[in-house]
Amino acid sequence: MSDAFASLAHALGTAFQESSGEPWPDDVFDRWARRVFAHQFETNAVYAAYVRKRGVTPSTVAHWSEIPWVPASAFKAVPLVSGDSSQVQRVFRTSGTTGAGRRGEHHVLDLDLYKHSLIPNMRRHLYGDGEAPSRPILALTPAPSRVPESSLSFMLGTAFDVLSGGEGGFFVTEDGVIDTVGLSEALLEATAHGTPILLAGTAFAFVHWLEWLQERNAGFDLPPGSVIMETGGFKGRSRVLERPEFYASLSESHGVPVEGIVNEYGMTELLSQFYDGTVYDGRGAATPEVTLEARRHVPPPWVRTRVLDPTTLSALPDGEPGLLCHYDLANAGSVMAVLTEDLGVAFDDGFRVLGRAQGAEPRGCSLAMDDLLSGVPS
Amino acid sequence: MRTTFDACRLPSFSSESPTAPPTLVWETIDVSESVAIRYPVWADGAAGRLLEALRGAGARLAEVPVRDLVKWVGRVADRFLDSGDPIRHKAVDLMVPTAGLSKEMATEILIGMARDWTAERLTELLRREFQDPAVLDGFCRLDEGRSVRARGPLLTFHVGAGTVPGVSVTSMIRALLVKSAVLLKPGLGDVVLPVLFAEALAEEAPELSDAISVTYWPGGSSALEDLALQTADAVVAYGGNEAIGSLRTRTPVTTRFIAYHHRLSVGLVGREALTSEVAPHVARTAAGAVSMFDQRGCVSPHVIYVEEGGAVDPGEWAALLASAMADLEAELPGGTLTAADASAVHQMRGSAELREASSGSRVRVFRANQSFWTVILEDEMGFTPSCLNRVVSLFPTPDLCRVADALKEVGGYLQTVAVEGAGDRLPMLAEALCRAGATRVTSFENAPWPPPWWHHDGASVFAGLLRWIDLEETG
């Protein structure tokens, strides 16, 4: 790690850890963002050339919102490293579920900075600050040692080590097969001991797990305070179930109330995550039940999210749907500003993800890219 | 004020139908801020009555001489081509919001489509397809020892894609010419022209009034869809692979199934066209081929291969193409994009611009700031499908004849190849492209507008629809 990046990463990590979870005032975020941008402009030649072509340099940026974004798909096109690329500690890769094209790569210079972002955020939304006891994590993903390129497994592995005190386990093989027996036993054991747990996994894995349970007419009655975190389903692969039915089914099969089920919205390209956590509101207190429609994904203080008009890319006012563009300080070692393909709506207390931007109905005749990439006849 | 367009044109149910028309329940979809479309929701009973009425009309249609059909369809075409006819204005005004096109582009597409629906062009089509078009009306003795005639299906069920307006009208006309009644489910982006066409045809030829039904529903969602697949004698389906696959599995094996699945097209520019005199002209026609239909047509090039070693090199030609794309944007502006389509352009552009910014890269990106056209000059040979809406990648190639190899990976989808400047290598190149899977080699200028008698995706126009009957002489 270069000294310049190391000191920036250290300062950011400290700020993340010291944060109360309350949103930072705009001027605080702005100072950090411009510092990160200056670093990225200085050390990431590709990004700097891209930014210069837009007539932007650190001295022209009067506010963080003027910092040029890169499209999420850029992570498939070029390595985006803001620092010494020989010092990259880990390359995370996207799962490639949206077609068989090139996978996105996030070259991470400092895994500690990643941890300093994910731990406090996860703690607030899934574990509860302060007095709440640590809880075992039962993960419907492969163990991080099995899939070192998966940022989700890394995240849950970190939670396992740091937040769950090494209690719990990983119940999916690297080939995607669920260890249904092992998971059943772990859930029964937690129930027998009255230990609240965190059950975390992809929506896709949960759908298969639910099918397995339903075929056996099986279910659990997890101890009060147990939490389910589901993720994915926003990235190309459409949900097999609509969200209300999915949550009702998860709730019924595990004895966890719907308000104990939290969606995590995250992507390999961003080292911070968003939770529509209703379990803990950032101060460790349980919040009352709100409808799924009324839930908001809440950025941690070191992330700002803008909603952009899909055509003009100008910022939209709260309440109007557009493309989500995230400014994530935890991405200091790559590129902070990332334009996604996800549609969402901003509110004063967070945003709501509407899903991957999709046409009203599939277009025929001329070939859509995904169709080609997923279905070239041999 | 919001306009509501009924994406539906149904038979009168009057002429020989003994009972009153079915009562329909309607749904509405907002397609823009100013226009909503309304469509009926079909219950089993109503769907059955509609199909019964169409089959009855199909039986009567079999007795109508083909020349009358040509005449009546031609009259409707003439109305669409008449800039003073209110139907022309109505069509364009509604195509803009429903198909997401600019008014200029909607007009251009309407004229281009309707030109091929005129009596003159349809007569030429029949002349080219049949030794004697009278075989559609009765037995003809065309050679020694037998007479033949050709019959179309009683009822064809057409499922449109909605990508390019007018395509489904062409499909309906092909069926009408072989005297088939038609049920069309258009795609959402192509609801206007078939409805207006069917209404106008009923005005010109009350005899045909009951033989065409157009009614929109979201694909896969209607009782009418399943019943139509079961009832029709032939199914003509345009669309994505998933949609075609689903229709195919639900169609009885005894029913003719004619599918137009995803296709893509490309362009080739050879050294002979890369002279300082010719290159700008080729850039203009290439810009036209890419921009027409906002690149949403199966004939629209996704990529263009540009040969190295000409007086104008691929980088210079990319700049010429970009300039022509900009000019054309002013003349025929691009349309309104869905959030998904717009997002895809931003992603593809931004990624290319980062590759351009990489040290030592020869990638160049030329693009509009206020619209979507984008020219991406790549630095190594390959193939990248476009996100469409006027985004084209250029691949430099040392030898035009090598392109066919690069295209083998997309062979199952390859359709039109526009070739310029191949000189006397054209016959050899055409052979190589044919092996790679292409079904049409043409110029950029003609690429968007294949003639009515083209071998659409490699098949004769009427082959899939017709049943030939041989009457052999028995002495």
# chains A, B, ... in the order shown; residues from 1 in each chain; ligands from 1

call {"tool": "residues_around", "arguments": {"residues": "Ala228 (chain B)", "least_positions_apart": "3", "cutoff": "12 Å", "atoms": "only C-alpha atoms", "output": "PyMOL selection string"}}
result
chain B and resi 42+44+46-52+54-55+155-159+182-185+213+215+220+222-225+231-236+247+250-252+255

call {"tool": "residues_around", "arguments": {"residues": "Gly423 (chain B)", "least_positions_apart": "6", "cutoff": "9 Å", "atoms": "only C-alpha atoms", "output": "number ranges by chain"}}
result
B: 270-273

call {"tool": "interface_residues", "arguments": {"of": "chain B", "to": "chain A", "cutoff": "7 Å", "atoms": "only C-alpha atoms", "output": "PyMOL selection string"}}
result
chain B and resi 161-163+238-240+261-264+296-298+338-340+342-343+347+350-351+353-355+357-358+385-387+410+412

call {"tool": "select_by_dssp", "arguments": {"residues": "region 135-209 of chain B", "states": "alpha helix (DSSP H)", "output": "JSON, numbers by chain"}}
result
{"B": [167, 168, 169, 170, 171, 172, 173, 174, 175, 176, 177, 192, 193, 194, 195, 196, 197, 198, 199, 200, 201, 202, 203, 204]}

call {"tool": "atom_distance", "arguments": {"atom1": "CA of Val375 (chain B)", "atom2": "CA of Arg390 (chain B)"}}
result
8.3 Å

call {"tool": "residues_around", "arguments": {"residues": "Ile197 (chain A)", "least_positions_apart": "3", "cutoff": "6 Å", "atoms": "only C-alpha atoms", "output": "list in words"}}
result
Arg135, Pro136, Ile137 and Ser226 of chain A

call {"tool": "select_by_dssp", "arguments": {"residues": "region 24-122 of chain A", "states": "strand (DSSP E or B)", "output": "PyMOL selection string"}}
result
chain A and resi 70-71+90-93+105-108

call {"tool": "residues_around", "arguments": {"residues": "region 446-456 of chain B", "least_positions_apart": "2", "cutoff": "6 Å", "atoms": "only C-alpha atoms", "output": "ChimeraX atom specification"}}
result
/B:125,289,299,443-444,458-460

call {"tool": "write_last_selection", "arguments": {"atoms": "C-alpha atoms", "output": "tab-separated table (two decimals), in the first residue's frame"}}
result
chain	number	residue	atom	x	y	z
B	125	LEU	CA	-43.94	-9.60	-55.02
B	289	ALA	CA	-28.26	2.16	-41.65
B	299	VAL	CA	-31.45	-5.24	-40.23
B	443	SER	CA	-25.31	-2.00	-49.22
B	444	PHE	CA	-25.67	0.34	-46.23
B	458	GLY	CA	-33.41	-17.16	-45.29
B	459	ALA	CA	-36.87	-18.35	-46.25
B	460	SER	CA	-39.21	-17.59	-49.15

call {"tool": "residues_around", "arguments": {"residues": "Asn389 (chain B)", "least_positions_apart": "3", "cutoff": "7 Å", "atoms": "only C-alpha atoms", "output": "list in words"}}
result
Asp294, Gln295, Arg296 and Phe372 of chain B

call {"tool": "write_last_selection", "arguments": {"atoms": "C-alpha atoms", "output": "mmCIF file, in the first residue's frame"}}
result
data_model
loop_
_atom_site.group_PDB
_atom_site.id
_atom_site.type_symbol
_atom_site.label_atom_id
_atom_site.label_comp_id
_atom_site.auth_asym_id
_atom_site.auth_seq_id
_atom_site.Cartn_x
_atom_site.Cartn_y
_atom_site.Cartn_z
ATOM 1 C CA ASP B 294 -32.956 3.904 -33.867
ATOM 2 C CA GLN B 295 -31.029 0.688 -34.560
ATOM 3 C CA ARG B 296 -33.838 -1.479 -33.177
ATOM 4 C CA PHE B 372 -27.431 8.873 -27.601
#

call {"tool": "residues_around", "arguments": {"residues": "Arg306 (chain A)", "least_positions_apart": "2", "cutoff": "8 Å", "atoms": "only C-alpha atoms", "output": "list of chain:residue names"}}
result
A:Arg304, A:Leu308, A:Ala315, A:Leu316, A:Leu324, A:Cys325, A:His326, A:Ala346

call {"tool": "residues_around", "arguments": {"residues": "Glu264 (chain A)", "least_positions_apart": "4", "cutoff": "8 Å", "atoms": "only C-alpha atoms", "output": "JSON, numbers by chain"}}
result
{"A": [229, 230, 231, 232, 273, 274, 275, 276]}

call {"tool": "closest_residue", "arguments": {"among": "B:Arg2, B:Arg425, B:Arg9, B:Arg141", "to": "Val214 (chain B)", "atoms": "only C-alpha atoms"}}
result
B:Arg9

call {"tool": "atom_distance", "arguments": {"atom1": "CA of Phe383 (chain B)", "atom2": "CA of Gln370 (chain B)"}}
result
27.0 Å

call {"tool": "atom_distance", "arguments": {"atom1": "CA of Asp190 (chain B)", "atom2": "CA of Asp78 (chain B)"}}
result
19.9 Å
